[in-house]
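To start, the structure itself, in structure tokens.
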Amino acid sequence: MGIFRKKSPEPETPDSHLTFFTVSGANYFRTITREVFAEMGLEVHVQPGHAVDDSGREFGFWNVATACADQPQSVWRDLIREHLQRVLAGFDGPDPFDILDPADVARQTFARLYDEASVPGIDGYPHREFAPGIVEMIALDLPDTVSVFSHNNADKFGGFGALRTQGIANLRGLEVEKLETLPAPGGGSFTALLGESVYTASRALLLPDLASDLMGKRVREEFGWLMSVPNRNQVVWHIIEDATVIPAVNGMARFAAMGYSDSPTPVSPHVFWWNGTSYEQLTEVSDDGGLAIRVSPAFQAVLESITADR
């Protein structure tokens with residue numbers, strides 16, 4: 001079943017590093033970026049996901065590339081230049097981890113979910129696996145950007161565990177921007193929390209309490225729930241109660257795949273099931289953009305139990 005919306009009659013393969021671009025789009029972005037660096041007097045070595053200047057400073061592409069992806073190519077050069085000016089000013093300015101006091105850091109710390117493949121040098125940052133292909137990291141929210149805690153900075157402010165506890169508490173304090181209940185083809189429904197905050201998807205870390213607080217849904221521990229985070233502005237779930245979980249899986253799979261492929265800030269195209277101890281991936285995307293549901297023995301047992309209750 002093909003589910004990815006085609007951008008053109010002959011869609012190109014997505015770039016392996018800047019996944020919201022096609023290969024040719026990403027290469028064009030890298031070319032323009034190199035030219036802007038040169039215009040600013042910097043010679044850089046351009047890698048697929050970042051650039052390095054002669055002094056060893058590394059410039060990540062992800063944030064500015066996502067900004068460009070939403071705009072016509074005619075304005076990319078200006079966007080890149082403005083971004084680099086801010087980054088260079090940051091290099092020359094004080095490190096926020098050195099100037100903020102512990103109280104400010106506590107207020108501005110959030111647990112945040114990332115596509116594992118999108119984080120270069122991930123071993124340099126404290127993190128844990130949230131679901132297959134998705135990692136939880138600790139972010140410091142700043143006026144113009146987000147800075148991820150390195151191991152050294154995390155140790156400076158109490159360590160990963162203490163920062164994660166604060167980051168989860170701050171996620172709980174975020175406003176609910178838009179909550180939708182979406183019908184699943186064939187019956188049942190699933191819930192989507194949508195928002196402009198860069199931390200919307202990270203509220204998946206609050207499940208199942210998030211569903212209880214917003215929808216009054218109580219989890220049956222023997223069944224668990226479904227979850228997906230297509231991009232940083234969406235988190236989707238379905239609390240398993242009855243046989244409507246079957247159409248819900250299919251509906252969520254389509255929603256997740258579309259939300260992932262259409263966003264410049266993707267996280268994961270997959271649907272996951274909480275099996276009581278961890279998230280288990282239920283979907284697979286084939287090379288032709290098709291979708292398959294894979295059922296493990298444990299999830300099959302849940303389906304059989306639900307069917308027996310009917």
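By convention here, the chains of the structure tokens are called A, B, ... in the order presented, each chain's residues are numbered starting at 1, and ligands are numbered starting at 1 in the order presented.
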Requested in this report: Would you list the contacts of region 143-154 of chain A as an MDAnalysis selection string, taking every protein, DNA or RNA residue within 10 Å and counting only C-alpha atoms, but skipping same-chain residues closer than 2 positions in sequence?
Outcome: chainID A and resid 63 86:87 96:98 108:112 122:127 137:141 156:164 198
Could you build a table of the residues in region 133-233 of chain A lying no more than 6 Å from region 241-251 of chain A, giving for each the nearest pair of atoms and their separation in Å rounded to one decimal place, using only C-alpha atoms, ordered by chain and ascending residue number, as a tab-separated table?
residue	atom	partner	partner_atom	distance
A:Ala184	CA	A:Gly251	CA	4.9
A:Gly186	CA	A:Pro247	CA	5.6
A:Gly188	CA	A:Thr244	CA	4.9
A:Ser189	CA	A:Ala248	CA	5.9
Query raised in the report: Counting only C-alpha atoms, what is within 9 Å of Asp53 (chain A), bar same-chain residues fewer than 3 positions away, as a PyMOL selection string?
Result: chain A and resi 42-46+56-59
Residues just named, written with all heavy atoms as a PDB file, in the first residue's frame:
ATOM      1  N   LEU A  42      35.062  32.573   5.237  1.00  0.00           N
ATOM      2  CA  LEU A  42      35.383  31.296   5.874  1.00  0.00           C
ATOM      3  C   LEU A  42      35.484  30.193   4.834  1.00  0.00           C
ATOM      4  O   LEU A  42      34.570  29.996   4.026  1.00  0.00           O
ATOM      5  CB  LEU A  42      34.319  30.920   6.911  1.00  0.00           C
ATOM      6  CG  LEU A  42      34.249  31.774   8.183  1.00  0.00           C
ATOM      7  CD1 LEU A  42      33.031  31.384   8.995  1.00  0.00           C
ATOM      8  CD2 LEU A  42      35.517  31.607   9.006  1.00  0.00           C
ATOM      9  N   GLU A  43      36.611  29.483   4.873  1.00  0.00           N
ATOM     10  CA  GLU A  43      36.776  28.296   4.033  1.00  0.00           C
ATOM     11  C   GLU A  43      36.393  27.079   4.865  1.00  0.00           C
ATOM     12  O   GLU A  43      36.896  26.896   5.976  1.00  0.00           O
ATOM     13  CB  GLU A  43      38.224  28.166   3.564  1.00  0.00           C
ATOM     14  CG  GLU A  43      38.462  26.998   2.616  1.00  0.00           C
ATOM     15  CD  GLU A  43      37.765  27.190   1.270  1.00  0.00           C
ATOM     16  OE1 GLU A  43      37.577  28.346   0.849  1.00  0.00           O
ATOM     17  OE2 GLU A  43      37.408  26.170   0.651  1.00  0.00           O
ATOM     18  N   VAL A  44      35.453  26.270   4.360  1.00  0.00           N
ATOM     19  CA  VAL A  44      34.975  25.131   5.137  1.00  0.00           C
ATOM     20  C   VAL A  44      35.045  23.849   4.322  1.00  0.00           C
ATOM     21  O   VAL A  44      35.052  23.868   3.082  1.00  0.00           O
ATOM     22  CB  VAL A  44      33.514  25.346   5.606  1.00  0.00           C
ATOM     23  CG1 VAL A  44      33.423  26.518   6.577  1.00  0.00           C
ATOM     24  CG2 VAL A  44      32.568  25.535   4.431  1.00  0.00           C
ATOM     25  N   HIS A  45      35.099  22.753   5.054  1.00  0.00           N
ATOM     26  CA  HIS A  45      34.985  21.427   4.467  1.00  0.00           C
ATOM     27  C   HIS A  45      33.542  20.967   4.692  1.00  0.00           C
ATOM     28  O   HIS A  45      33.104  20.834   5.839  1.00  0.00           O
ATOM     29  CB  HIS A  45      35.969  20.463   5.116  1.00  0.00           C
ATOM     30  CG  HIS A  45      37.399  20.913   5.044  1.00  0.00           C
ATOM     31  ND1 HIS A  45      38.168  20.756   3.915  1.00  0.00           N
ATOM     32  CD2 HIS A  45      38.190  21.540   5.959  1.00  0.00           C
ATOM     33  CE1 HIS A  45      39.371  21.258   4.131  1.00  0.00           C
ATOM     34  NE2 HIS A  45      39.410  21.731   5.363  1.00  0.00           N
ATOM     35  N   VAL A  46      32.815  20.777   3.602  1.00  0.00           N
ATOM     36  CA  VAL A  46      31.393  20.456   3.703  1.00  0.00           C
ATOM     37  C   VAL A  46      31.195  18.950   3.759  1.00  0.00           C
ATOM     38  O   VAL A  46      31.660  18.211   2.883  1.00  0.00           O
ATOM     39  CB  VAL A  46      30.612  21.066   2.522  1.00  0.00           C
ATOM     40  CG1 VAL A  46      29.162  20.594   2.547  1.00  0.00           C
ATOM     41  CG2 VAL A  46      30.674  22.583   2.578  1.00  0.00           C
ATOM     42  N   GLY A  56      38.554  24.032  13.141  1.00  0.00           N
ATOM     43  CA  GLY A  56      37.903  22.878  13.748  1.00  0.00           C
ATOM     44  C   GLY A  56      36.493  23.130  14.253  1.00  0.00           C
ATOM     45  O   GLY A  56      35.859  22.225  14.795  1.00  0.00           O
ATOM     46  N   ARG A  57      35.978  24.337  14.070  1.00  0.00           N
ATOM     47  CA  ARG A  57      34.607  24.614  14.507  1.00  0.00           C
ATOM     48  C   ARG A  57      33.619  23.900  13.586  1.00  0.00           C
ATOM     49  O   ARG A  57      33.768  23.925  12.359  1.00  0.00           O
ATOM     50  CB  ARG A  57      34.333  26.116  14.510  1.00  0.00           C
ATOM     51  CG  ARG A  57      35.177  26.893  15.519  1.00  0.00           C
ATOM     52  CD  ARG A  57      34.822  28.368  15.529  1.00  0.00           C
ATOM     53  NE  ARG A  57      35.031  29.009  14.237  1.00  0.00           N
ATOM     54  CZ  ARG A  57      34.894  30.321  14.026  1.00  0.00           C
ATOM     55  NH1 ARG A  57      34.545  31.123  15.034  1.00  0.00           N
ATOM     56  NH2 ARG A  57      35.103  30.828  12.827  1.00  0.00           N
ATOM     57  N   GLU A  58      32.621  23.284  14.186  1.00  0.00           N
ATOM     58  CA  GLU A  58      31.646  22.509  13.426  1.00  0.00           C
ATOM     59  C   GLU A  58      30.319  23.256  13.354  1.00  0.00           C
ATOM     60  O   GLU A  58      29.815  23.759  14.356  1.00  0.00           O
ATOM     61  CB  GLU A  58      31.443  21.135  14.074  1.00  0.00           C
ATOM     62  CG  GLU A  58      30.541  20.209  13.273  1.00  0.00           C
ATOM     63  CD  GLU A  58      30.512  18.799  13.844  1.00  0.00           C
ATOM     64  OE1 GLU A  58      31.612  18.212  14.025  1.00  0.00           O
ATOM     65  OE2 GLU A  58      29.403  18.299  14.118  1.00  0.00           O
ATOM     66  N   PHE A  59      29.750  23.319  12.151  1.00  0.00           N
ATOM     67  CA  PHE A  59      28.484  24.000  11.914  1.00  0.00           C
ATOM     68  C   PHE A  59      27.459  22.973  11.429  1.00  0.00           C
ATOM     69  O   PHE A  59      27.558  22.476  10.302  1.00  0.00           O
ATOM     70  CB  PHE A  59      28.646  25.098  10.853  1.00  0.00           C
ATOM     71  CG  PHE A  59      29.672  26.153  11.193  1.00  0.00           C
ATOM     72  CD1 PHE A  59      31.032  25.917  10.973  1.00  0.00           C
ATOM     73  CD2 PHE A  59      29.290  27.370  11.725  1.00  0.00           C
ATOM     74  CE1 PHE A  59      31.985  26.876  11.272  1.00  0.00           C
ATOM     75  CE2 PHE A  59      30.237  28.341  12.039  1.00  0.00           C
ATOM     76  CZ  PHE A  59      31.582  28.092  11.814  1.00  0.00           C
TER      77      PHE A  59
END
Query raised in the report: If you run DSSP on the backbone, which residues of region 2-135 of chain A are alpha helix (DSSP H), as an MDAnalysis selection string?
Result: chainID A and resid 23:39 62:69 76:92 96:99 102:108
Query raised in the report: With distances taken over only C-alpha atoms, which of A:Phe61, A:Asn275, A:Phe91, A:Leu282 is nearest to Pro120 (chain A)?
Result: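 With only C-alpha atoms as the atom set, the closest residue is A:Phe61.
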Requested in this report: Could you tell me which of A:Ser55, A:Ser202, A:Ser286, A:Thr265 comes closest to Asp70 (chain A) if we count only C-alpha atoms?
Outcome: A:Thr265
Query raised in the report: Which is closer to His238 (chain A) than all the others in A:Ala256, A:Val176, A:Ala169, A:Ala211, using only C-alpha atoms?
Result: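 Among the listed residues, A:Ala211 lies closest to His238 (chain A).
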Query raised in the report: What is the CA of Tyr260 (chain A) to CA of Leu291 (chain A) distance in Å?
Result: 13.2 Å
Report task. Any chance you could list, as a count of residues only, the residues in region 12-214 of chain A that come up strand (DSSP E or B) when DSSP is run on the backbone? Result -> 47
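Counting only C-alpha atoms and comparing A:Arg172, A:His50, A:Lys217, A:Arg30, the residue that lies closest to Ala204 (chain A) is A:Arg172.
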Requested in this report: Considering only C-alpha atoms, return as a VMD selection string whatever protein or nucleic-acid residues lie within 12 Å of Arg218 (chain A), sequence-local ones (same chain, fewer than 6 positions apart) excluded.
Outcome: chain A and resid 207 to 212 224 to 225 238 to 241
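As for CA of Ala65 (chain A) and CA of Tyr28 (chain A), they are spaced 11.0 Å apart.
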Query raised in the report: With distances taken over only C-alpha atoms, which of A:Leu88, A:Thr19, A:Glu35, A:Leu205 is nearest to Glu136 (chain A)?
Result: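 Closest to Glu136 (chain A) of all the choices is A:Leu205.
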Query raised in the report: Of the candidates A:Gly173, A:Thr307, A:Glu12, A:Trp237, which shows the shortest atom-to-atom distance to Thr191 (chain A), using only C-alpha atoms?
Result: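 Among A:Gly173, A:Thr307, A:Glu12, A:Trp237, it is A:Trp237 that comes nearest to Thr191 (chain A).
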Query - For CA of Gly49 (chain A) and CA of Val235 (chain A), the interatomic separation in Å (one decimal) - result: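 It comes out at 25.8 Å.
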**Report entry** Spatial neighbours of Ser263 (chain A), max dist 10 Å, only C-alpha atoms, sep filter under 4 positions, as a PyMOL selection string
**Finding:** chain A and resi 19-20+66+69-70+230-233+258-259+267
Keeping only N, CA, C and O atoms, write the selected residues as an mmCIF file, in the first residue's frame.
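That gives us part_29.cif:
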data_model
loop_
_atom_site.group_PDB
_atom_site.id
_atom_site.type_symbol
_atom_site.label_atom_id
_atom_site.label_comp_id
_atom_site.auth_asym_id
_atom_site.auth_seq_id
_atom_site.Cartn_x
_atom_site.Cartn_y
_atom_site.Cartn_z
ATOM 1 N N THR A 19 16.955 14.546 5.586
ATOM 2 C CA THR A 19 15.936 13.651 5.045
ATOM 3 C C THR A 19 14.696 14.346 4.496
ATOM 4 O O THR A 19 13.896 13.727 3.793
ATOM 5 N N PHE A 20 14.519 15.637 4.811
ATOM 6 C CA PHE A 20 13.371 16.378 4.302
ATOM 7 C C PHE A 20 13.652 16.954 2.922
ATOM 8 O O PHE A 20 12.776 17.540 2.299
ATOM 9 N N THR A 66 16.166 22.921 7.839
ATOM 10 C CA THR A 66 14.717 22.814 8.050
ATOM 11 C C THR A 66 14.037 24.148 7.760
ATOM 12 O O THR A 66 12.923 24.176 7.220
ATOM 13 N N ALA A 69 13.834 24.443 4.009
ATOM 14 C CA ALA A 69 12.904 23.495 3.394
ATOM 15 C C ALA A 69 11.491 24.052 3.292
ATOM 16 O O ALA A 69 10.720 23.644 2.423
ATOM 17 N N ASP A 70 11.149 24.986 4.168
ATOM 18 C CA ASP A 70 9.819 25.587 4.159
ATOM 19 C C ASP A 70 9.716 26.786 3.221
ATOM 20 O O ASP A 70 8.635 27.369 3.090
ATOM 21 N N PRO A 230 5.447 11.533 14.487
ATOM 22 C CA PRO A 230 5.868 11.742 13.096
ATOM 23 C C PRO A 230 6.890 12.855 12.934
ATOM 24 O O PRO A 230 7.829 12.736 12.155
ATOM 25 N N ASN A 231 6.702 13.952 13.656
ATOM 26 C CA ASN A 231 7.621 15.079 13.584
ATOM 27 C C ASN A 231 7.568 15.826 14.910
ATOM 28 O O ASN A 231 6.795 15.470 15.795
ATOM 29 N N ARG A 232 8.391 16.839 15.063
ATOM 30 C CA ARG A 232 8.529 17.471 16.367
ATOM 31 C C ARG A 232 7.262 18.199 16.825
ATOM 32 O O ARG A 232 7.160 18.572 17.996
ATOM 33 N N ASN A 233 6.303 18.394 15.919
ATOM 34 C CA ASN A 233 5.085 19.128 16.249
ATOM 35 C C ASN A 233 3.862 18.234 16.405
ATOM 36 O O ASN A 233 2.737 18.738 16.498
ATOM 37 N N MET A 258 2.637 10.052 6.635
ATOM 38 C CA MET A 258 2.419 11.327 5.957
ATOM 39 C C MET A 258 3.031 12.476 6.742
ATOM 40 O O MET A 258 3.672 13.367 6.187
ATOM 41 N N GLY A 259 2.831 12.479 8.066
ATOM 42 C CA GLY A 259 3.388 13.546 8.891
ATOM 43 C C GLY A 259 4.901 13.567 8.869
ATOM 44 O O GLY A 259 5.524 14.623 8.961
ATOM 45 N N VAL A 267 10.656 13.025 12.914
ATOM 46 C CA VAL A 267 11.208 12.223 14.010
ATOM 47 C C VAL A 267 11.150 10.742 13.644
ATOM 48 O O VAL A 267 12.175 10.070 13.564
#
Requested in this report: Please provide as a PyMOL selection string all residues within 7 Å of Trp273 (chain A), with the sequence filter that same-chain residues fewer than 5 positions apart are discarded (counting only C-alpha atoms).
Outcome: chain A and resi 225-227+279-282
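Residues surrounding region 72-85 of chain A within 7 Å are A:Ile32, A:Thr33, A:Val36, A:Val64, A:Cys68, A:Leu88, A:Ala89 [only C-alpha atoms; sequence separation below 3 positions excluded].
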For the residues in the current selection, export all heavy atoms as a PDB file, in the first residue's frame.
ATOM      1  N   ILE A  32      25.055  26.092  -1.860  1.00  0.00           N
ATOM      2  CA  ILE A  32      24.758  27.471  -1.462  1.00  0.00           C
ATOM      3  C   ILE A  32      25.411  27.779  -0.119  1.00  0.00           C
ATOM      4  O   ILE A  32      25.969  28.870   0.088  1.00  0.00           O
ATOM      5  CB  ILE A  32      23.238  27.692  -1.388  1.00  0.00           C
ATOM      6  CG1 ILE A  32      22.617  27.561  -2.777  1.00  0.00           C
ATOM      7  CG2 ILE A  32      22.924  29.065  -0.798  1.00  0.00           C
ATOM      8  CD1 ILE A  32      23.112  28.567  -3.781  1.00  0.00           C
ATOM      9  N   THR A  33      25.376  26.831   0.798  1.00  0.00           N
ATOM     10  CA  THR A  33      25.960  27.044   2.117  1.00  0.00           C
ATOM     11  C   THR A  33      27.464  27.280   2.013  1.00  0.00           C
ATOM     12  O   THR A  33      28.025  28.178   2.659  1.00  0.00           O
ATOM     13  CB  THR A  33      25.670  25.845   3.035  1.00  0.00           C
ATOM     14  OG1 THR A  33      24.253  25.694   3.163  1.00  0.00           O
ATOM     15  CG2 THR A  33      26.280  26.054   4.414  1.00  0.00           C
ATOM     16  N   VAL A  36      28.022  30.783   0.811  1.00  0.00           N
ATOM     17  CA  VAL A  36      27.768  31.798   1.841  1.00  0.00           C
ATOM     18  C   VAL A  36      28.933  31.855   2.820  1.00  0.00           C
ATOM     19  O   VAL A  36      29.365  32.938   3.226  1.00  0.00           O
ATOM     20  CB  VAL A  36      26.441  31.510   2.576  1.00  0.00           C
ATOM     21  CG1 VAL A  36      26.275  32.458   3.764  1.00  0.00           C
ATOM     22  CG2 VAL A  36      25.264  31.658   1.619  1.00  0.00           C
ATOM     23  N   VAL A  64      19.168  25.066  10.085  1.00  0.00           N
ATOM     24  CA  VAL A  64      18.997  26.008   8.981  1.00  0.00           C
ATOM     25  C   VAL A  64      18.404  25.310   7.766  1.00  0.00           C
ATOM     26  O   VAL A  64      17.627  25.916   7.000  1.00  0.00           O
ATOM     27  CB  VAL A  64      20.339  26.702   8.637  1.00  0.00           C
ATOM     28  CG1 VAL A  64      21.360  25.714   8.098  1.00  0.00           C
ATOM     29  CG2 VAL A  64      20.099  27.846   7.656  1.00  0.00           C
ATOM     30  N   CYS A  68      15.097  26.361   5.563  1.00  0.00           N
ATOM     31  CA  CYS A  68      15.108  26.501   4.111  1.00  0.00           C
ATOM     32  C   CYS A  68      14.055  25.615   3.442  1.00  0.00           C
ATOM     33  O   CYS A  68      13.461  25.996   2.425  1.00  0.00           O
ATOM     34  CB  CYS A  68      16.491  26.152   3.563  1.00  0.00           C
ATOM     35  SG  CYS A  68      17.771  27.387   3.942  1.00  0.00           S
ATOM     36  N   LEU A  88      27.859  32.384  14.447  1.00  0.00           N
ATOM     37  CA  LEU A  88      29.183  32.953  14.673  1.00  0.00           C
ATOM     38  C   LEU A  88      29.182  33.896  15.865  1.00  0.00           C
ATOM     39  O   LEU A  88      30.150  33.930  16.639  1.00  0.00           O
ATOM     40  CB  LEU A  88      29.656  33.680  13.411  1.00  0.00           C
ATOM     41  CG  LEU A  88      30.036  32.764  12.242  1.00  0.00           C
ATOM     42  CD1 LEU A  88      30.214  33.580  10.966  1.00  0.00           C
ATOM     43  CD2 LEU A  88      31.300  31.983  12.552  1.00  0.00           C
ATOM     44  N   ALA A  89      28.094  34.629  16.029  1.00  0.00           N
ATOM     45  CA  ALA A  89      27.996  35.498  17.205  1.00  0.00           C
ATOM     46  C   ALA A  89      27.976  34.668  18.479  1.00  0.00           C
ATOM     47  O   ALA A  89      28.539  35.053  19.513  1.00  0.00           O
ATOM     48  CB  ALA A  89      26.746  36.361  17.107  1.00  0.00           C
TER      49      ALA A  89
END
